[in-house]
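See structure below.
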Amino acid sequence: MALETDFIVIGSGVAGLRASIELASSGARVSVLTKDKASESNTEYAQGGVAVVLAEDDNAELHEGDTLIAGAGLCDEKAVETLVTEGTKYIRELIDWGTEFDREGGNLLMGQEAAHSRRRILHAHGDSTGAEFVRSLIARAGLEKTILLTPFANTESLLVHNGRCVGVRFLDPILRAPREIFAKAVVMCTGGAGQLYQHTTNPPVATGDGMAMAYFAGAEMADMEFVQFHPTALSLENAPRFLLTEAMRGEGGQLKNKYGERFMPRYDERMELAPRDIVSRSIVAEMRRTGTREVYLDMTSMSEDFLKHRFPKIYDTCKLFGLNIATDLLPVSPASHYCMGGIRTDLWGRSSLPGLYAAGEVTCTGVHGANRLASNSLLEGLVFGARAGKAAAEDNSGLQVSDLKFQPPIPGSKNREPGISTAVKKRIKRVMWERVGIIRDRESLRRALKEFDQISSANLSTSSRNFVTLAKLVATAALWREESRGGHYRTDFPEQRDEFRIHSLQQFDQPITGYSVG
Ligand code: FAD
Ligand code: SIN
C-alpha cells in the first residue's frame, strides 16, 4: 500500500537534515528517506571545515569576492551574497544547537585554506568537522517529533503526475520491495556523484542518484561538466583515496616530486594554495614530467605534537597505512571530489519541476560557478537546506496530499536488481576517469559517450540506468563546453572563451543548450 506524509526529504547529510528541521518547525510530518545509515554521507567525511565570516578582520564582501574569483565568471552573484551573509546566522544557530567547533581560550579557531584571503575556516575535533555537523544535526532533528527518518531506504525515482512531483518510489528496507510514498513536496538532498570516477574521495553512497531522478522527472540540470578534483588524496595501492585535507597545505604543507623538489612554484605563484583545479592539473603535469603516479605531501617541517592535535583523524589513518605524517612524505594524487553542477534551483531551492525542491551538492544554485571555493559546501548545505525547507513548507501549505495521489505506472525495466550492477559501475568509473576526467578533449569525450550509449542499450536496473545517465550528462556537457574554465579543462580549447560565459542546461529528451549567468 502506498504511504503518505506532508513532505519527503531524500538524504540525511547537512542539507537534508537542515531542510527537515526547517520543515518540521512548521508542524508538518517529514519523512526522511536515506540510503544507508543516517550518518553515511559526504558530510560525515568533511575534514577541513566550514568557511564563515566571523573574524574581526573579515567581512561578507571579502568572502563573496573570494567565492566569485574561484567560480571563474559563472557564479550567480545573488546566490553568493545569500550564502555568505546568511551563512554567519546559520553557523551561530548551529553553535547554539551544540556543535562544538575548535576553540583556544574560548575563542573560535580559524583555519586557512586555498584561495581564501582570510583565515575563516571553522573546524571541529581538528579534522572531523563533518562528523560533528552530522552528530549535532541528527541530535537536533531528533528533538522534532514529526520527523521520521528511515535508513537503508534507497530511492530510485520520482513520482510525477500532471506536471508535478508528488512523491517517490523507494526500496522499502523492511518489505525489501519497491514502495511509493506521496507528499505535498519532495526536497532532494542526495549529495554529489564523486563515485562516477575510479578515484574519488567520496563514500560509496555518492552515486548522484538524485540528479538522475530529477532529470528523468523533467527537471532542468545545469553545469554538469564542472567536477572538482581534489589535489591531495592519499595514493596507496589497494587503499581508498582517503582525503588529506587542504588545511594541511594551509598550515604549511608542501608538494614535492619524486626527487624531493617543491614543484608548485613552477606552476603558480600562489604555490600550494592556488585554487584546487590549478593544483590538481599541476600535479598531473608533474607526474607526467617525472613519469610517476603520485607526488608527495610533505608535513615534516611541523612537530608531531602539533600534527597529532591538529589532524588527529589523518594522523591515525595514515598510521594504519604505516605512514607517520610528521616524518614520512605522504604519497598523493588527485581524485574526484565535488560536483558543481546539478539540479538547477532558484535561491529558495525550487527546481523547474513544481513540487520538487533541492539543496546541497545535488543542486546548481549558482554559488560555486565553475569551481567551488574550499569549505563553502557545508555552508551551502546549511543555508540552502534551511531555505528549501522554508519555501517547500510555505509554497505548499494549502495542498492536501490526498488530492495529489494517483496510481503510478509499473517501472518499465524488467531488471529488478537492487543497486547499481558492479560490472556497469566499474566500467563507467574507468571511462569517466580516463576520458571525462581532469583533462579532456573532443575525441576522449566522444569515445566516452559511445561507450555509455552501448552500456545504456542493455536491460539495466533503475539504479544502473540512473548511473549511466548521469555519466552521459557530464560527458555531454563537457563536450558542449568548448573552452577551459574552473574545474573543466579541454586540451583542444585551453583558453576561457567569452561566448561560453553561460551555464549549460540539460533537460530530458531535449538538446543541450546554455543560459545566461545571473
Ligand atoms: P551528502 O552529505 O552527501 O548527503 C547525501 C545524502 O543522501 C546521504 O545521506 C546519502 O546516503 C543520501 N542518498 C544518496 N542517494 C540516495 C538515494 N538514492 N536514496 C536515499 N538517500 C540517498 N565541504 C566543506 O565545506 N568543507 C570540508 O571540509 C569538506 N571536506 C570534504 C571531505 C571529503 C572527504 C568529502 C567527500 C567532501 C568534503 N566536502 C567538504 C564537501 C561536502 O562534504 C559536501 O559537499 C556536503 O557535505 C554535501 O552535503 P549534502 O547534504 O548535499 O550531501
Ligand atoms: C578539504 O578539507 O580539503 C576539503 C574541503 C572542501 O572540500 O571544501
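For the C-alpha cells, the naming scheme is as follows: chains receive sequential letters (A, B, ...) according to their order of presentation, residues are indexed from 1 within each chain, and ligands are indexed from 1 in presentation order.
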Using only C-alpha atoms and all ligand atoms, what does the table of chain A residues within 7 Å of ligand 2 look like, with each row giving the shortest atom pair and its distance in Å to one decimal, sorted by chain and ascending number, as JSON lines?
{"residue": "A:Ala46", "atom": "CA", "partner": "ligand 2", "partner_atom_place_in_ligand_line": "2 (O)", "distance": 6.3}
{"residue": "A:Gln47", "atom": "CA", "partner": "ligand 2", "partner_atom_place_in_ligand_line": "2 (O)", "distance": 4.5}
{"residue": "A:Gly48", "atom": "CA", "partner": "ligand 2", "partner_atom_place_in_ligand_line": "2 (O)", "distance": 3.2}
{"residue": "A:Gly49", "atom": "CA", "partner": "ligand 2", "partner_atom_place_in_ligand_line": "2 (O)", "distance": 6.4}
{"residue": "A:Leu244", "atom": "CA", "partner": "ligand 2", "partner_atom_place_in_ligand_line": "3 (O)", "distance": 6.6}
{"residue": "A:Thr245", "atom": "CA", "partner": "ligand 2", "partner_atom_place_in_ligand_line": "3 (O)", "distance": 3.5}
{"residue": "A:Glu246", "atom": "CA", "partner": "ligand 2", "partner_atom_place_in_ligand_line": "3 (O)", "distance": 3.5}
{"residue": "A:Ala247", "atom": "CA", "partner": "ligand 2", "partner_atom_place_in_ligand_line": "2 (O)", "distance": 5.9}
{"residue": "A:Leu373", "atom": "CA", "partner": "ligand 2", "partner_atom_place_in_ligand_line": "8 (O)", "distance": 6.8}
{"residue": "A:Ala374", "atom": "CA", "partner": "ligand 2", "partner_atom_place_in_ligand_line": "8 (O)", "distance": 3.7}
{"residue": "A:Ser375", "atom": "CA", "partner": "ligand 2", "partner_atom_place_in_ligand_line": "8 (O)", "distance": 3.3}
{"residue": "A:Asn376", "atom": "CA", "partner": "ligand 2", "partner_atom_place_in_ligand_line": "8 (O)", "distance": 5.9}
{"residue": "A:Ser377", "atom": "CA", "partner": "ligand 2", "partner_atom_place_in_ligand_line": "8 (O)", "distance": 6.2}
- Exercise answer, 7 Å around ligand 1 with only C-alpha atoms and all ligand atoms, as a count of residues only: 59
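The residue set within 12 Å of Lys405 in chain A, counting only C-alpha atoms and dropping same-chain residues fewer than 4 places from it, reads Ala2, Leu3, Glu4, Thr5, Leu159, Val160, His161, Asn162, Arg164, Cys165, Val166, Gly167, Val168, Glu180, Ile181, Phe182, Ala183, Lys184, Leu399, Gln400 and Val401 of chain A.
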Output of the above residues as a PDB file, in the first residue's frame, restricted to N, CA and C atoms:
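The file below, result-v6.pdb, is the result:
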ATOM      1  N   ALA A   2       0.443   2.251  -0.748  1.00  0.00           N
ATOM      2  CA  ALA A   2       1.246   3.495  -0.806  1.00  0.00           C
ATOM      3  C   ALA A   2       1.153   4.245   0.528  1.00  0.00           C
ATOM      4  N   LEU A   3       2.239   4.910   0.859  1.00  0.00           N
ATOM      5  CA  LEU A   3       2.292   5.685   2.104  1.00  0.00           C
ATOM      6  C   LEU A   3       2.020   7.152   1.788  1.00  0.00           C
ATOM      7  N   GLU A   4       1.742   7.937   2.823  1.00  0.00           N
ATOM      8  CA  GLU A   4       1.690   9.388   2.602  1.00  0.00           C
ATOM      9  C   GLU A   4       2.220  10.152   3.809  1.00  0.00           C
ATOM     10  N   THR A   5       2.754  11.325   3.517  1.00  0.00           N
ATOM     11  CA  THR A   5       3.279  12.212   4.551  1.00  0.00           C
ATOM     12  C   THR A   5       3.084  13.637   4.048  1.00  0.00           C
ATOM     13  N   LEU A 159       7.858  10.405  -8.423  1.00  0.00           N
ATOM     14  CA  LEU A 159       6.512  10.210  -8.974  1.00  0.00           C
ATOM     15  C   LEU A 159       6.013  11.567  -9.466  1.00  0.00           C
ATOM     16  N   VAL A 160       5.693  11.609 -10.749  1.00  0.00           N
ATOM     17  CA  VAL A 160       5.253  12.879 -11.347  1.00  0.00           C
ATOM     18  C   VAL A 160       3.852  12.684 -11.908  1.00  0.00           C
ATOM     19  N   HIS A 161       2.942  13.602 -11.545  1.00  0.00           N
ATOM     20  CA  HIS A 161       1.562  13.498 -12.028  1.00  0.00           C
ATOM     21  C   HIS A 161       1.067  14.894 -12.375  1.00  0.00           C
ATOM     22  N   ASN A 162       0.489  15.042 -13.543  1.00  0.00           N
ATOM     23  CA  ASN A 162       0.004  16.352 -14.015  1.00  0.00           C
ATOM     24  C   ASN A 162       1.080  17.433 -13.898  1.00  0.00           C
ATOM     25  N   ARG A 164       3.635  17.637 -11.927  1.00  0.00           N
ATOM     26  CA  ARG A 164       4.070  17.998 -10.574  1.00  0.00           C
ATOM     27  C   ARG A 164       4.688  16.778  -9.888  1.00  0.00           C
ATOM     28  N   CYS A 165       5.740  17.035  -9.117  1.00  0.00           N
ATOM     29  CA  CYS A 165       6.339  15.938  -8.357  1.00  0.00           C
ATOM     30  C   CYS A 165       5.498  15.726  -7.097  1.00  0.00           C
ATOM     31  N   VAL A 166       4.991  14.512  -6.920  1.00  0.00           N
ATOM     32  CA  VAL A 166       4.057  14.272  -5.801  1.00  0.00           C
ATOM     33  C   VAL A 166       4.540  13.148  -4.879  1.00  0.00           C
ATOM     34  N   GLY A 167       5.710  12.620  -5.135  1.00  0.00           N
ATOM     35  CA  GLY A 167       6.188  11.564  -4.250  1.00  0.00           C
ATOM     36  C   GLY A 167       7.380  10.841  -4.824  1.00  0.00           C
ATOM     37  N   VAL A 168       7.742   9.723  -4.198  1.00  0.00           N
ATOM     38  CA  VAL A 168       8.896   8.952  -4.672  1.00  0.00           C
ATOM     39  C   VAL A 168       8.613   7.464  -4.595  1.00  0.00           C
ATOM     40  N   GLU A 180       5.700   3.135  -2.856  1.00  0.00           N
ATOM     41  CA  GLU A 180       5.514   4.553  -3.153  1.00  0.00           C
ATOM     42  C   GLU A 180       5.149   5.323  -1.890  1.00  0.00           C
ATOM     43  N   ILE A 181       5.603   6.563  -1.840  1.00  0.00           N
ATOM     44  CA  ILE A 181       5.159   7.457  -0.774  1.00  0.00           C
ATOM     45  C   ILE A 181       4.823   8.808  -1.408  1.00  0.00           C
ATOM     46  N   PHE A 182       3.644   9.345  -1.036  1.00  0.00           N
ATOM     47  CA  PHE A 182       3.175  10.614  -1.616  1.00  0.00           C
ATOM     48  C   PHE A 182       3.325  11.753  -0.608  1.00  0.00           C
ATOM     49  N   ALA A 183       3.512  12.965  -1.133  1.00  0.00           N
ATOM     50  CA  ALA A 183       3.672  14.133  -0.258  1.00  0.00           C
ATOM     51  C   ALA A 183       3.337  15.400  -1.034  1.00  0.00           C
ATOM     52  N   LYS A 184       3.198  16.500  -0.292  1.00  0.00           N
ATOM     53  CA  LYS A 184       2.931  17.790  -0.947  1.00  0.00           C
ATOM     54  C   LYS A 184       4.147  18.232  -1.766  1.00  0.00           C
ATOM     55  N   LEU A 399      -2.051  22.723   0.133  1.00  0.00           N
ATOM     56  CA  LEU A 399      -2.336  21.469  -0.581  1.00  0.00           C
ATOM     57  C   LEU A 399      -2.763  20.343   0.366  1.00  0.00           C
ATOM     58  N   GLN A 400      -3.537  19.396  -0.154  1.00  0.00           N
ATOM     59  CA  GLN A 400      -3.870  18.163   0.574  1.00  0.00           C
ATOM     60  C   GLN A 400      -3.195  17.008  -0.146  1.00  0.00           C
ATOM     61  N   VAL A 401      -2.480  16.172   0.584  1.00  0.00           N
ATOM     62  CA  VAL A 401      -1.774  15.064  -0.078  1.00  0.00           C
ATOM     63  C   VAL A 401      -2.767  14.142  -0.774  1.00  0.00           C
TER      64      VAL A 401
END
- Message: Could you tell me how far CA of Ala114 in chain A sits from CA of Leu473 in chain A, in Å to one decimal place?
- Response: 29.2 Å
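Shortest separation to Arg427 in chain A among A:Asp298, A:Glu451, A:Asp509, A:Asp316 occurs at residue A:Glu451, atoms counted being only C-alpha atoms.
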- Judged by only C-alpha atoms, the minimum distance to Gly342 in chain A among A:His488, A:Arg481, A:Arg497, A:His368 is found for A:His368
At most 10 Å is the cut-off: for each residue in range 342-407 of chain A with any atom that close to an atom of range 223-239 of chain A, write down the nearest atom pair and the distance in Å rounded to one decimal, counting only C-alpha atoms, chain first then increasing number, as a tab-separated table.
residue	atom	partner	partner_atom	distance
A:Gly342	CA	A:Met224	CA	6.0
A:Ile343	CA	A:Met224	CA	9.0
A:Arg344	CA	A:Asp223	CA	8.7
A:Thr363	CA	A:Asp223	CA	9.8
A:Cys364	CA	A:Asp223	CA	7.2
A:Gly366	CA	A:Asp223	CA	9.3
A:His368	CA	A:Phe226	CA	9.8
A:Gly369	CA	A:Asp223	CA	8.3
A:Ala370	CA	A:Phe226	CA	5.9
A:Asn371	CA	A:Gln228	CA	6.7
A:Arg372	CA	A:Gln228	CA	7.5
A:Ala374	CA	A:His230	CA	9.8
Could you write those residues out with N, CA and C atoms, as a CSV table (one decimal), in the first residue's frame?
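So result_30.csv came out as:
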chain,number,residue,atom,x,y,z
A,342,GLY,N,24.3,20.4,-11.2
A,342,GLY,CA,23.2,19.6,-10.6
A,342,GLY,C,21.9,20.1,-10.9
A,343,ILE,N,20.9,19.9,-10.1
A,343,ILE,CA,19.5,20.3,-10.3
A,343,ILE,C,19.5,21.8,-10.2
A,344,ARG,N,19.1,22.5,-11.3
A,344,ARG,CA,19.0,23.9,-11.3
A,344,ARG,C,17.9,24.4,-10.3
A,363,THR,N,22.6,20.2,-6.1
A,363,THR,CA,22.0,21.3,-6.9
A,363,THR,C,23.0,22.1,-7.6
A,364,CYS,N,22.5,22.9,-8.5
A,364,CYS,CA,23.3,24.0,-9.0
A,364,CYS,C,22.6,25.3,-8.7
A,366,GLY,N,24.2,28.1,-8.3
A,366,GLY,CA,24.9,29.3,-8.8
A,366,GLY,C,26.0,29.8,-7.8
A,368,HIS,N,28.7,28.2,-6.7
A,368,HIS,CA,30.0,27.8,-6.9
A,368,HIS,C,30.6,28.1,-8.3
A,369,GLY,N,29.7,28.4,-9.3
A,369,GLY,CA,30.1,28.7,-10.6
A,369,GLY,C,30.9,27.5,-11.2
A,370,ALA,N,32.1,27.8,-11.8
A,370,ALA,CA,32.8,26.8,-12.5
A,370,ALA,C,33.8,26.0,-11.5
A,371,ASN,N,33.9,26.5,-10.3
A,371,ASN,CA,34.8,25.9,-9.3
A,371,ASN,C,34.4,26.3,-7.9
A,372,ARG,N,34.3,25.4,-7.0
A,372,ARG,CA,33.9,25.7,-5.7
A,372,ARG,C,35.1,26.1,-4.8
A,374,ALA,N,37.0,26.2,-1.5
A,374,ALA,CA,37.1,25.2,-0.4
A,374,ALA,C,36.3,25.6,0.8
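Residues in contact range of Ala212 in chain A, defined as at most 8 Å between only C-alpha atoms, with sequence neighbours fewer than 5 positions away removed, read A:Asn466, A:Phe467, A:Thr469, A:Leu470.
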- Could you name the residues that touch Ile314 in chain A at 10 Å or less, counting only C-alpha atoms, but leaving out those on the same chain fewer than 2 positions away, as a PyMOL selection string? chain A and resi 47+126-128+242-245+248+307-308+310-312+316-320+324-325
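Compared by their closest atoms to Phe170 in chain A, and using only C-alpha atoms, the residues A:Leu158, A:Ala423, A:Leu255, A:Ala475 rank with A:Leu158 nearest.
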